[in-house]
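Quick notes on the structure that follows.
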Amino acid sequence: MVSKGRTKLNRLLPTCLSLVLPAVLMCGGITMAQGTTPDAMGSGVPHFDGVQKSVSGGIVEAILFYIFGGTVLAAAIGVCVSKRVVRMATWLFGTLGGVAVLYFLLGANYLGVIQLIVYAGGTLILLVFGVMLTSKSPWVRFECPRGEMVVASVVSILLFASLTTVLVTAEWPAQSQSADGVRIAEFGKELLTTYLVPFEVASVMLLVVMIAAAYLARQDRDDSEGAN
Amino acid sequence: MAEISNYEIYLMAGVLIPLASFFILMLFGPRIGKPVAGWLTVLAMASSCALATITLVGWHADVNTPPDSITGRTVAQQLSIDASHNQFHWADIGSVPIKIGVKLDSLTVIMFFMVTFIATWIFIFSVGYMSGHSDEVDGKSKYHRFFCYLSLFGFSMLGLVISSNLLFLFMLWELVGLCSYLLIGFYFDKKFASNAAMKAFITNRVGDFGFIFGLMMVFFFLKTFDLDQAAIEFGRQFASSTGVFDAGFAINLFGWHVSGAMLATMMGIGLFCGAMGKSAQFPLQVWLPDAMAGPTPVSALIHAATMVAAGVYLVARIFRLLTPEAQFFIAVIGCITLTAMALIAMVQTDIKKCLAYSTLSQLGYMIFGMGVGAWTAALFHLMLHAFFKAMLFLGSGQVIEGCHHEQDMRKMGGLMKKMPMTGITFLVGVLAISGFGIPLMNVGLGGYFSKDEILAVAWDRAYMWHEPIEHHGDSGHGDAGGHGDSGGYADASGHADLGGYGEIDSHGSVMPSDASASSFMLVSDQHGSTGHDTGHADSGHADSGHDDSGHGDSLHGEAGHASGSHALGSVESLKASIPPLPKWMFWLALITAYVTPFYMMRCWWMTFMGKPRDQHVYDHAHESPLMWVPLVALAISTFGASYFVFRPMIADAAGAATDATLVLGLDGVAESAETASGALIHVHEAHHWLAYGVGGSWVIAFFVAFLIYRNGLATGAKLKAAFGPLATLLEHKYYFDELYDFLLVRGCRLAAAVCRAFDTYVIDLFANLSASIVERFAVFSGRGVDAHVVDGVFNGLAAASMDVSDLVRSPQTGRIRNYVLFAAAAAVVVVMVMLYFDGSDYPVVRHASTIGASSAGIQ
Amino acid sequence: MPLLEIGLMHYLILAAAVFSCGVFVMSTKRNAIGILIGIELVLNAVNINFVAFDRYQVVGGCDGQISAVFVIVIAAAEAAVAVAICMNLYKNLNTIDVDRGDSLHG
């Protein structure tokens, strides 16, 4: 019964993926088009009216949020329930894509693009390569003890509940919505002025990581094996 | 610093040459081989002897130079003073400098010559002696070692003689003792030899303990070790009543109140204790007869001629540090020794032992001489005795060697035919020691001059002391003499207040030109210059007039002269402060003068005359030239020494050396060499009946000995039987060895046994008791406290921490995902706790509330 | 909480849900790559928060987006290193099961 369901799901996944990607692209285009219009008029300065207008006219946004937020959540839960690592990676792709759409919804177009390129195009591929290189079989499974599974579920649910409680009970400051259009220019300026040092440190870190990864993953390590 | 004179260089070189020989033999001795090593030593000592001869001749000439017109000193006196400034600063003890220097005066020169001369001949004799004796000990040749020791002895003895410093004198003194020990025990594989060596060494240590004690007192009271400086300081402290002579100075010693003057006496006696050990004076005489276990040349050189005389030499050097009481002590010791030992010598049958007791007796004479103030005579006797006793010992060595190592005189007899040279030279020695001489004629030998002079001085001290002295020509002198008589035992330091002295001073200043007579004024600065001059004037006067004045006067004249730099009044008052000698001491010395020729004649007769008593010994007897040549040389030198050079030079040294503050050197007449015999005669002339009494003693004694031993030993044995217990007493040497054995050895053993018992029953009891208490306590603390309490606590702690750690480690699964879960659960707990306790305190919330309290939010 | 007016709170709750899922994945998957996927989920949840804060100006300027960019950079780097570590783990233990790598357990 279970295995049958899994095979069914197995067949379902490619279908889902083929649906998700176009949906993401489409939604990104919609939100872009929606965001640019008021921003051009609002001259980049956040004001109360603009926010009100954006919120009030956000029925489309609400629909989109629920669709893609649901996608993200569903994919995350899919990761949780998957037993095989390849499937987990596939579900993760759904989550990442949904998050990218949410970025577009939140007016962070640049971040949405980055999310797709880095995660979908880079990290996920890396993970899949990792799976392939480390599995004797791509379908290999390691069963977690059922007791631990239960404990983990309880802890996760409690964590979610407590976080939600905090979020709900907290008094948040007065909300305003930032403009969309000019933010990318402001973003670039900030990144190369105020955050220049972290930026450079991040670049150096990437270099170090590149070397470190190459070093760690290289094939023949006679000396260390001799030591072992 | 004055220029170093040749004499000092000669003397120092003479000391160092035997040292070099010692080192050569020590390092290369076995390689040098048997005869060469001996001849090397002879060569070294002969070189020293040559230097000593040059020094003696030159010095003799310098002594007889006319005094310098400015300083009033002869060349020799000037050189002597210079030498005392030529000292090498060696070290400091506190603020007291210790200086090495050569004590250059007539006594040093003459002693140096005597030691080197005798040593040279004895070394030559030794070469012959050792060629006939075994030199093997434990199968190995010790030939080179024998001469090595002899060289070391030569060095240390000569160094002792020239030392100007008491500390160095002491060091070399100990070195001499070491050589004595080594040589007595040369055949150390023989029990009696090693025992004798130990006995000598230990007995000497007893004396040296006193010596060190005296040195300590010299150091503390006089702040110097230099002989001259010490004497000057001693006089200064006495004159000014400071230091040890301070009226308030006293120490509390074991409850006894000891005044400064008593301490000064103890200082002198302490120094004399060293002499008692080295010169084997009563009661430390026991080692010397046993020391005859050593080879005969050693007995001759060390235990008859030189080393044992070092004690007398020491007393001569410290004469100026003596007090009358200390001097009296010396006299008593010397008197007892000379009498008691001479009596023992009468019954000895071992030829070397007989000579050894004779030596002891003669040393007693010397010490006695020092004690009665016969400084010159005692030293003169020392010199002469060294010559003839060395010769006698060598003769006995020749006899023993010739008689196949037979030492018992009862088995000898009639050896004159076999050993003519030995017999004749031995007879010369016998005559010399007996005081052979013809009264009222200038003919005599050895003891006739020296020993009899000691007796003359003793007579003077005993009978002629404190008699009024008539001085010729000047009333001031008469006054002074009268004062000396009436003053009795008045304190010498008070003399300056007495009336008669003004006259003496004025008298001195009237004729200062007479002061050039002769005197050694090394320390004259310490005394009033006018008084000093007066002393000279008077002594010169007394000398010239002695024919009229009678014997007492003449001796007193000498006395005044001897103490050169003393004012006459000072001498007289000093004399007044010294008590006369008890008469029994003089009589004992006189009687012993009769005993001496008797036992010497007995010895000679038993050995060389009569009929051979043991045919085997007689057949074996022979002489060897290497051994009798030294005998002849020493016999001739005994003749020479009796007449020439020696006595005048000693008298020359006497002036300075006896310039004492508290005691008198009575016979330090500074005769010139030409008048030496004249001066000697007047001793005998002065004491007419004494001259006959002493001078004739040898005739009577020889005759008695001849009567007894003319026909073998029978008469002697009968006499011995007649005397019975007395003879037994003498044969057992007054049971001194037994007494010491009983008192000291048994006493030590008894004390050791007591100590052992104390150890066993008291100390061990406490020790065991405390040990068992400790053991019990240890058991209790170990098994009870440690095992249960301490271990329990720590084991419990360890077990508890094990349990805790087991508990704590269980969550540490090592699995990453568990840790993640724990972290998440912890976060949940934290958040929930914060929510439960009033979430409004959360910083984010506060921040939010400050921004806009009225905001509608999105809720 | 209005359902149709999408505000900050919606995004935050969504992020919390994704975060909880990430934690669950991390604590239940024995495959090393699975744990890595859980981490990615957590990081994405955080990123949603950052961008939402930026959008609704809880933080000033565009600090939220910049933080998100750095998180993405670090996530990429972390993924690279993590995959390399996973390969080492596999080489050494001949398995990808992280429960086997418990040499340091108490």
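Following the order of the structure tokens, chains are lettered A, B, ..., residues in each are numbered from 1, and ligands are numbered from 1.
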Please identify every residue of chain C that has at least one atom no farther than 7 Å from an atom of chain A, counting only C-alpha atoms, and for each give the shortest atom pair and the distance in Å to one decimal, arranged by chain then increasing number, as JSON lines.
```
{"residue": "C:Leu4", "atom": "CA", "partner": "A:Ala62", "partner_atom": "CA", "distance": 5.5}
{"residue": "C:Glu5", "atom": "CA", "partner": "A:Val55", "partner_atom": "CA", "distance": 6.2}
{"residue": "C:Ile6", "atom": "CA", "partner": "A:Ala62", "partner_atom": "CA", "distance": 5.5}
{"residue": "C:Ile13", "atom": "CA", "partner": "A:Thr164", "partner_atom": "CA", "distance": 6.1}
{"residue": "C:Leu14", "atom": "CA", "partner": "A:Gly69", "partner_atom": "CA", "distance": 6.9}
{"residue": "C:Ala16", "atom": "CA", "partner": "A:Phe160", "partner_atom": "CA", "distance": 5.9}
{"residue": "C:Ala17", "atom": "CA", "partner": "A:Phe160", "partner_atom": "CA", "distance": 6.0}
{"residue": "C:Val18", "atom": "CA", "partner": "A:Leu73", "partner_atom": "CA", "distance": 6.2}
{"residue": "C:Ser20", "atom": "CA", "partner": "A:Ser156", "partner_atom": "CA", "distance": 5.1}
{"residue": "C:Cys21", "atom": "CA", "partner": "A:Ala76", "partner_atom": "CA", "distance": 6.1}
{"residue": "C:Val23", "atom": "CA", "partner": "A:Ser156", "partner_atom": "CA", "distance": 6.6}
{"residue": "C:Phe24", "atom": "CA", "partner": "A:Ser156", "partner_atom": "CA", "distance": 5.8}
{"residue": "C:Val25", "atom": "CA", "partner": "A:Cys80", "partner_atom": "CA", "distance": 5.4}
{"residue": "C:Ser27", "atom": "CA", "partner": "A:Ala152", "partner_atom": "CA", "distance": 6.4}
{"residue": "C:Thr28", "atom": "CA", "partner": "A:Met149", "partner_atom": "CA", "distance": 6.1}
{"residue": "C:Lys29", "atom": "CA", "partner": "A:Cys144", "partner_atom": "CA", "distance": 6.7}
{"residue": "C:Arg30", "atom": "CA", "partner": "A:Phe142", "partner_atom": "CA", "distance": 5.8}
{"residue": "C:Asn31", "atom": "CA", "partner": "A:Phe142", "partner_atom": "CA", "distance": 6.6}
{"residue": "C:Ile33", "atom": "CA", "partner": "A:Val131", "partner_atom": "CA", "distance": 6.6}
{"residue": "C:Gly34", "atom": "CA", "partner": "A:Val85", "partner_atom": "CA", "distance": 6.0}
{"residue": "C:Ala52", "atom": "CA", "partner": "A:Leu106", "partner_atom": "CA", "distance": 6.6}
{"residue": "C:Arg55", "atom": "CA", "partner": "A:Ser178", "partner_atom": "CA", "distance": 5.5}
{"residue": "C:Tyr56", "atom": "CA", "partner": "A:Gln177", "partner_atom": "CA", "distance": 4.8}
{"residue": "C:Gln57", "atom": "CA", "partner": "A:Ser176", "partner_atom": "CA", "distance": 6.0}
{"residue": "C:Cys62", "atom": "CA", "partner": "A:Phe187", "partner_atom": "CA", "distance": 6.0}
{"residue": "C:Ile66", "atom": "CA", "partner": "A:Leu191", "partner_atom": "CA", "distance": 6.8}
{"residue": "C:Ala76", "atom": "CA", "partner": "A:Thr123", "partner_atom": "CA", "distance": 6.0}
{"residue": "C:Ala77", "atom": "CA", "partner": "A:Val209", "partner_atom": "CA", "distance": 6.1}
{"residue": "C:Ala79", "atom": "CA", "partner": "A:Thr123", "partner_atom": "CA", "distance": 6.5}
{"residue": "C:Ala80", "atom": "CA", "partner": "A:Ala213", "partner_atom": "CA", "distance": 6.3}
{"residue": "C:Val81", "atom": "CA", "partner": "A:Ala213", "partner_atom": "CA", "distance": 5.1}
{"residue": "C:Val83", "atom": "CA", "partner": "A:Gly130", "partner_atom": "CA", "distance": 5.7}
{"residue": "C:Ala84", "atom": "CA", "partner": "A:Ala217", "partner_atom": "CA", "distance": 5.0}
{"residue": "C:Ile85", "atom": "CA", "partner": "A:Leu216", "partner_atom": "CA", "distance": 6.8}
{"residue": "C:Met87", "atom": "CA", "partner": "A:Thr134", "partner_atom": "CA", "distance": 6.2}
{"residue": "C:Asn88", "atom": "CA", "partner": "A:Ala217", "partner_atom": "CA", "distance": 6.6}
{"residue": "C:Tyr90", "atom": "CA", "partner": "A:Thr134", "partner_atom": "CA", "distance": 6.0}
{"residue": "C:Ile96", "atom": "CA", "partner": "A:Thr134", "partner_atom": "CA", "distance": 6.4}
```
Mind checking which residues fall within 6 Å of region 42-47 of chain C, counting only C-alpha atoms, ignoring those fewer than 5 positions away in the same chain, and posting them as a list in words?
->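 So, after excluding close chain neighbours, the residues are Ala15, Val18, Phe19, Gly22 and Ala68 of chain C.
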Would you export the selected residues with N, CA and C atoms as a PDB file, in the first residue's frame, please?
```pdb
ATOM      1  N   ALA C  15       7.258  31.334   7.064  1.00  0.00           N
ATOM      2  CA  ALA C  15       8.684  31.064   7.311  1.00  0.00           C
ATOM      3  C   ALA C  15       8.857  30.160   8.525  1.00  0.00           C
ATOM      4  N   VAL C  18       8.105  26.662   7.457  1.00  0.00           N
ATOM      5  CA  VAL C  18       9.220  26.074   6.687  1.00  0.00           C
ATOM      6  C   VAL C  18      10.421  25.781   7.603  1.00  0.00           C
ATOM      7  N   PHE C  19      10.660  26.686   8.529  1.00  0.00           N
ATOM      8  CA  PHE C  19      11.767  26.496   9.462  1.00  0.00           C
ATOM      9  C   PHE C  19      11.558  25.216  10.283  1.00  0.00           C
ATOM     10  N   GLY C  22      12.319  22.333   8.246  1.00  0.00           N
ATOM     11  CA  GLY C  22      13.768  22.153   8.115  1.00  0.00           C
ATOM     12  C   GLY C  22      14.349  21.464   9.334  1.00  0.00           C
ATOM     13  N   ALA C  68      19.797  38.975   3.047  1.00  0.00           N
ATOM     14  CA  ALA C  68      19.364  37.783   2.318  1.00  0.00           C
ATOM     15  C   ALA C  68      20.407  37.371   1.305  1.00  0.00           C
TER      16      ALA C  68
END
```
Got a sec to pull out which chain C residues are within 8 Å of chain B, counting only C-alpha atoms, and send them as number ranges by chain?
-> C: 1-2, 7-9, 23-24, 26-30, 35, 98-106
List the neighbours of Ser48 (chain B) out to 9 Å using only C-alpha atoms; skip same-chain residues closer than 4 positions along the sequence, and give me the result as a list of chain:residue names.
->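 Close residues of Ser48 (chain B): B:Tyr10, B:Leu11, B:Ala13, B:Gly14, B:Val15, B:Leu16, B:Ile17, B:Pro18, B:Leu43, B:Ala44, B:Ala52, B:Thr53, B:Phe113, B:Thr116, B:Phe117, B:Thr120.
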Based on the selection just made, write C-alpha atoms of those residues as a PDB file, in the first residue's frame.
```pdb
ATOM      1  CA  TYR B  10     120.351  31.157  50.409  1.00  0.00           C
ATOM      2  CA  LEU B  11     118.143  30.048  53.228  1.00  0.00           C
ATOM      3  CA  ALA B  13     116.794  28.037  48.392  1.00  0.00           C
ATOM      4  CA  GLY B  14     118.150  25.687  51.018  1.00  0.00           C
ATOM      5  CA  VAL B  15     114.594  25.004  52.108  1.00  0.00           C
ATOM      6  CA  LEU B  16     113.234  24.533  48.633  1.00  0.00           C
ATOM      7  CA  ILE B  17     115.891  22.213  47.244  1.00  0.00           C
ATOM      8  CA  PRO B  18     114.824  19.260  49.446  1.00  0.00           C
ATOM      9  CA  LEU B  43     122.816  15.660  46.637  1.00  0.00           C
ATOM     10  CA  ALA B  44     119.841  17.866  47.438  1.00  0.00           C
ATOM     11  CA  ALA B  52     124.024  26.863  54.826  1.00  0.00           C
ATOM     12  CA  THR B  53     127.805  26.846  55.106  1.00  0.00           C
ATOM     13  CA  PHE B 113     123.592  24.794  59.333  1.00  0.00           C
ATOM     14  CA  THR B 116     121.619  20.505  56.944  1.00  0.00           C
ATOM     15  CA  PHE B 117     125.027  19.305  58.057  1.00  0.00           C
ATOM     16  CA  THR B 120     123.613  15.349  54.877  1.00  0.00           C
TER      17      THR B 120
END
```
Between CA of His732 (chain B) and CA of Ala197 (chain B), distance in Å (one decimal) =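 Atom-to-atom, CA of His732 (chain B) and CA of Ala197 (chain B) are spaced 20.4 Å apart.
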In Å, with one decimal, what is the gap from CA of Pro582 (chain B) to CA of Phe213 (chain B)?
->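 Atom-to-atom, CA of Pro582 (chain B) and CA of Phe213 (chain B) are spaced 28.6 Å apart.
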